[in-house]
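**Student:** Below is a structure I'd like to ask you about.
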Amino acid sequence: AKTVRRDRTSSFPSRGVICGIVFPISCLMAYEMETGRRVSSLLYMGLTSLSVVCTSFARVNVGAHYPSDTIAGVFMGLAVQRMGTLSLGVWDVFGSPITDDGMYALSSEAFIERGDLLKRSSWGALVAAVSLSYIVTLVSMRGFWQKCNYVFGLLFSCLTFRFVYLNPSLTASGFSVAPLAVEGLRPHLKVFLISCLLLGYGMKTRGKKGAWRIANFVLLYHLSLMLLLWYRLRRADEL
């Protein structure tokens, strides 16, 4: 392999391979949850294997990793995915299990709309979620995960949205956003492309140092959160 880049942090294990396992499995799980359709084990194995092979080859080929790094990345990726699946039960603790009855208000009158977003939001929960996201990111900006500020920005914005706006138990009146009711691919595609732009920006600027890393996290975190709010608070005539 011809070395075209060299990181200052340890190459063991491969972060790329870890993501190559976690991302496709998570996407397929999200598809199952949203559509109610089962995905075959063969598709899980095929898509994940393809992702791992391509990622491993690319990382070793550019000299960023040894083969042993990618093998370790496979095992860590499986472990991370398993822990993530088990952690779904944590939402039960917050009174917001992964079910329609748990995530959404029991009455359509308690759904949050654009006009009453400020009034019906749980500000205490929002401040707590934002603060925890900042703290974890700042603490993690050292060593192995120091270039993952853009990943934290995209990830923690989703967790913040889930905790604050899909958790009716936080408010006395049981407010939440309405269930996602989108017919067809087009609305999904639009927000997917915007998300790819945010991801691309994060990957392009991840090598920045110092205050840039913090600024990138802040930008991606808040833009992603606003994108989620815009996407989920659209009027019926916009669907």
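Starting from 1 in every chain, residues are counted up; chains themselves are A, B, ... following the order of the structure tokens, and ligands are numbered from 1 as listed.
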Tell me which protein, DNA and RNA residues are within 12 Å of Trp91 of chain A, counting only C-alpha atoms, leaving out same-chain ones fewer than 4 positions away, and put them as a list in words.
**Tutor:**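 Residues meeting the cut-off are Gly84, Thr85, Leu86, Ser87, Gly95, Ser96, Pro97, Ile98, Thr99, Gly102, Met103, Leu159, Arg162, Phe163, Val164, Leu166, Asn167, Pro168 and Ser169 of chain A.
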**Student:** Give the helix (DSSP H, G or I) residues of segment 36-95 of chain A, as assigned by DSSP on the backbone, as JSON, numbers by chain.
**Tutor:** {"A": [41, 42, 43, 44, 45, 46, 47, 48, 49, 50, 51, 52, 53, 54, 55, 56, 57, 58, 59, 60, 61, 67, 68, 69, 70, 71, 72, 73, 74, 75, 76, 77, 78, 79, 80, 81, 82, 83, 84, 85, 86, 87, 88, 89, 90, 91, 92, 93]}
**Student:** What's the separation between atom CA of Tyr66 of chain A and atom CA of Val151 of chain A, in Å to one decimal place?
**Tutor:**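 Interatomic distance here is 23.4 Å.
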**Student:** So which one's closest to Phe75 of chain A, A:Val93, A:Gly153, A:Asn61, A:Cys19? Using only C-alpha atoms, please.
**Tutor:**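 For Phe75 of chain A, the nearest of the candidates is A:Cys19.
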**Student:** Mind giving me the straight-line distance from atom CA of Val80 of chain A to atom CA of Val17 of chain A in Å, one decimal?
**Tutor:**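 Separating atom CA of Val80 of chain A from atom CA of Val17 of chain A is a distance of 11.6 Å.
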**Student:** With only C-alpha atoms as the counted atoms, please give the residues lying no more than 6 Å from segment 11-15 of chain A, apart from itself and same-chain residues fewer than 6 positions off, as an mmCIF file with C-alpha atoms, in the first residue's frame.
**Tutor:**
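Done, and the output landed in around27.cif:
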```cif
data_model
loop_
_atom_site.group_PDB
_atom_site.id
_atom_site.type_symbol
_atom_site.label_atom_id
_atom_site.label_comp_id
_atom_site.auth_asym_id
_atom_site.auth_seq_id
_atom_site.Cartn_x
_atom_site.Cartn_y
_atom_site.Cartn_z
ATOM 1 C CA HIS A 65 -4.567 1.123 8.624
ATOM 2 C CA ASP A 69 -6.839 -2.621 12.546
ATOM 3 C CA THR A 70 -9.732 -3.466 10.248
ATOM 4 C CA ALA A 72 -10.423 -5.248 15.265
ATOM 5 C CA GLY A 73 -12.811 -2.703 13.790
#
```
**Student:** Can you pull out the residues contacting segment 129-141 of chain A? Cut-off 9 Å, using only C-alpha atoms, and skip same-chain residues under 6 positions away; I want them as a PDB file with N, CA and C atoms, in the first residue's frame.
**Tutor:**
```
ATOM      1  N   LYS A 147     -11.295  13.627  16.034  1.00  0.00           N
ATOM      2  CA  LYS A 147     -11.761  14.133  14.736  1.00  0.00           C
ATOM      3  C   LYS A 147     -13.213  13.792  14.452  1.00  0.00           C
ATOM      4  N   CYS A 148     -13.923  13.321  15.470  1.00  0.00           N
ATOM      5  CA  CYS A 148     -15.308  12.890  15.264  1.00  0.00           C
ATOM      6  C   CYS A 148     -16.313  13.930  15.727  1.00  0.00           C
ATOM      7  N   ASN A 149     -15.900  15.193  15.834  1.00  0.00           N
ATOM      8  CA  ASN A 149     -16.826  16.222  16.295  1.00  0.00           C
ATOM      9  C   ASN A 149     -18.025  16.344  15.381  1.00  0.00           C
ATOM     10  N   PHE A 152     -20.457  13.565  16.199  1.00  0.00           N
ATOM     11  CA  PHE A 152     -21.197  13.881  17.417  1.00  0.00           C
ATOM     12  C   PHE A 152     -22.277  14.916  17.133  1.00  0.00           C
ATOM     13  N   GLY A 153     -21.969  15.874  16.259  1.00  0.00           N
ATOM     14  CA  GLY A 153     -22.965  16.890  15.925  1.00  0.00           C
ATOM     15  C   GLY A 153     -24.198  16.295  15.286  1.00  0.00           C
ATOM     16  N   PHE A 156     -25.833  13.554  18.192  1.00  0.00           N
ATOM     17  CA  PHE A 156     -26.478  14.103  19.379  1.00  0.00           C
ATOM     18  C   PHE A 156     -27.681  14.976  19.051  1.00  0.00           C
ATOM     19  N   SER A 157     -27.723  15.551  17.860  1.00  0.00           N
ATOM     20  CA  SER A 157     -28.916  16.309  17.466  1.00  0.00           C
ATOM     21  C   SER A 157     -30.112  15.373  17.355  1.00  0.00           C
ATOM     22  N   LEU A 159     -30.465  12.480  19.017  1.00  0.00           N
ATOM     23  CA  LEU A 159     -30.819  12.059  20.370  1.00  0.00           C
ATOM     24  C   LEU A 159     -31.557  13.174  21.121  1.00  0.00           C
ATOM     25  N   THR A 160     -31.134  14.411  20.894  1.00  0.00           N
ATOM     26  CA  THR A 160     -31.821  15.541  21.522  1.00  0.00           C
ATOM     27  C   THR A 160     -33.265  15.625  21.044  1.00  0.00           C
ATOM     28  N   PHE A 161     -33.459  15.506  19.738  1.00  0.00           N
ATOM     29  CA  PHE A 161     -34.814  15.545  19.178  1.00  0.00           C
ATOM     30  C   PHE A 161     -35.659  14.414  19.744  1.00  0.00           C
ATOM     31  N   PHE A 163     -35.312  12.773  22.566  1.00  0.00           N
ATOM     32  CA  PHE A 163     -35.571  12.938  23.992  1.00  0.00           C
ATOM     33  C   PHE A 163     -36.589  14.041  24.276  1.00  0.00           C
ATOM     34  N   VAL A 164     -36.513  15.132  23.536  1.00  0.00           N
ATOM     35  CA  VAL A 164     -37.341  16.302  23.842  1.00  0.00           C
ATOM     36  C   VAL A 164     -38.688  16.269  23.126  1.00  0.00           C
ATOM     37  N   ARG A 213     -12.815  22.820  15.638  1.00  0.00           N
ATOM     38  CA  ARG A 213     -13.520  21.576  15.946  1.00  0.00           C
ATOM     39  C   ARG A 213     -14.775  21.855  16.757  1.00  0.00           C
ATOM     40  N   ILE A 214     -14.657  22.752  17.703  1.00  0.00           N
ATOM     41  CA  ILE A 214     -15.824  23.114  18.504  1.00  0.00           C
ATOM     42  C   ILE A 214     -16.860  23.815  17.631  1.00  0.00           C
ATOM     43  N   PHE A 217     -18.747  21.342  15.463  1.00  0.00           N
ATOM     44  CA  PHE A 217     -19.763  20.612  16.229  1.00  0.00           C
ATOM     45  C   PHE A 217     -20.987  21.485  16.452  1.00  0.00           C
ATOM     46  N   VAL A 218     -20.782  22.714  16.898  1.00  0.00           N
ATOM     47  CA  VAL A 218     -21.897  23.625  17.175  1.00  0.00           C
ATOM     48  C   VAL A 218     -22.737  23.833  15.919  1.00  0.00           C
ATOM     49  N   TYR A 221     -24.480  20.425  14.882  1.00  0.00           N
ATOM     50  CA  TYR A 221     -25.469  20.024  15.886  1.00  0.00           C
ATOM     51  C   TYR A 221     -26.755  20.836  15.739  1.00  0.00           C
TER      52      TYR A 221
END
```
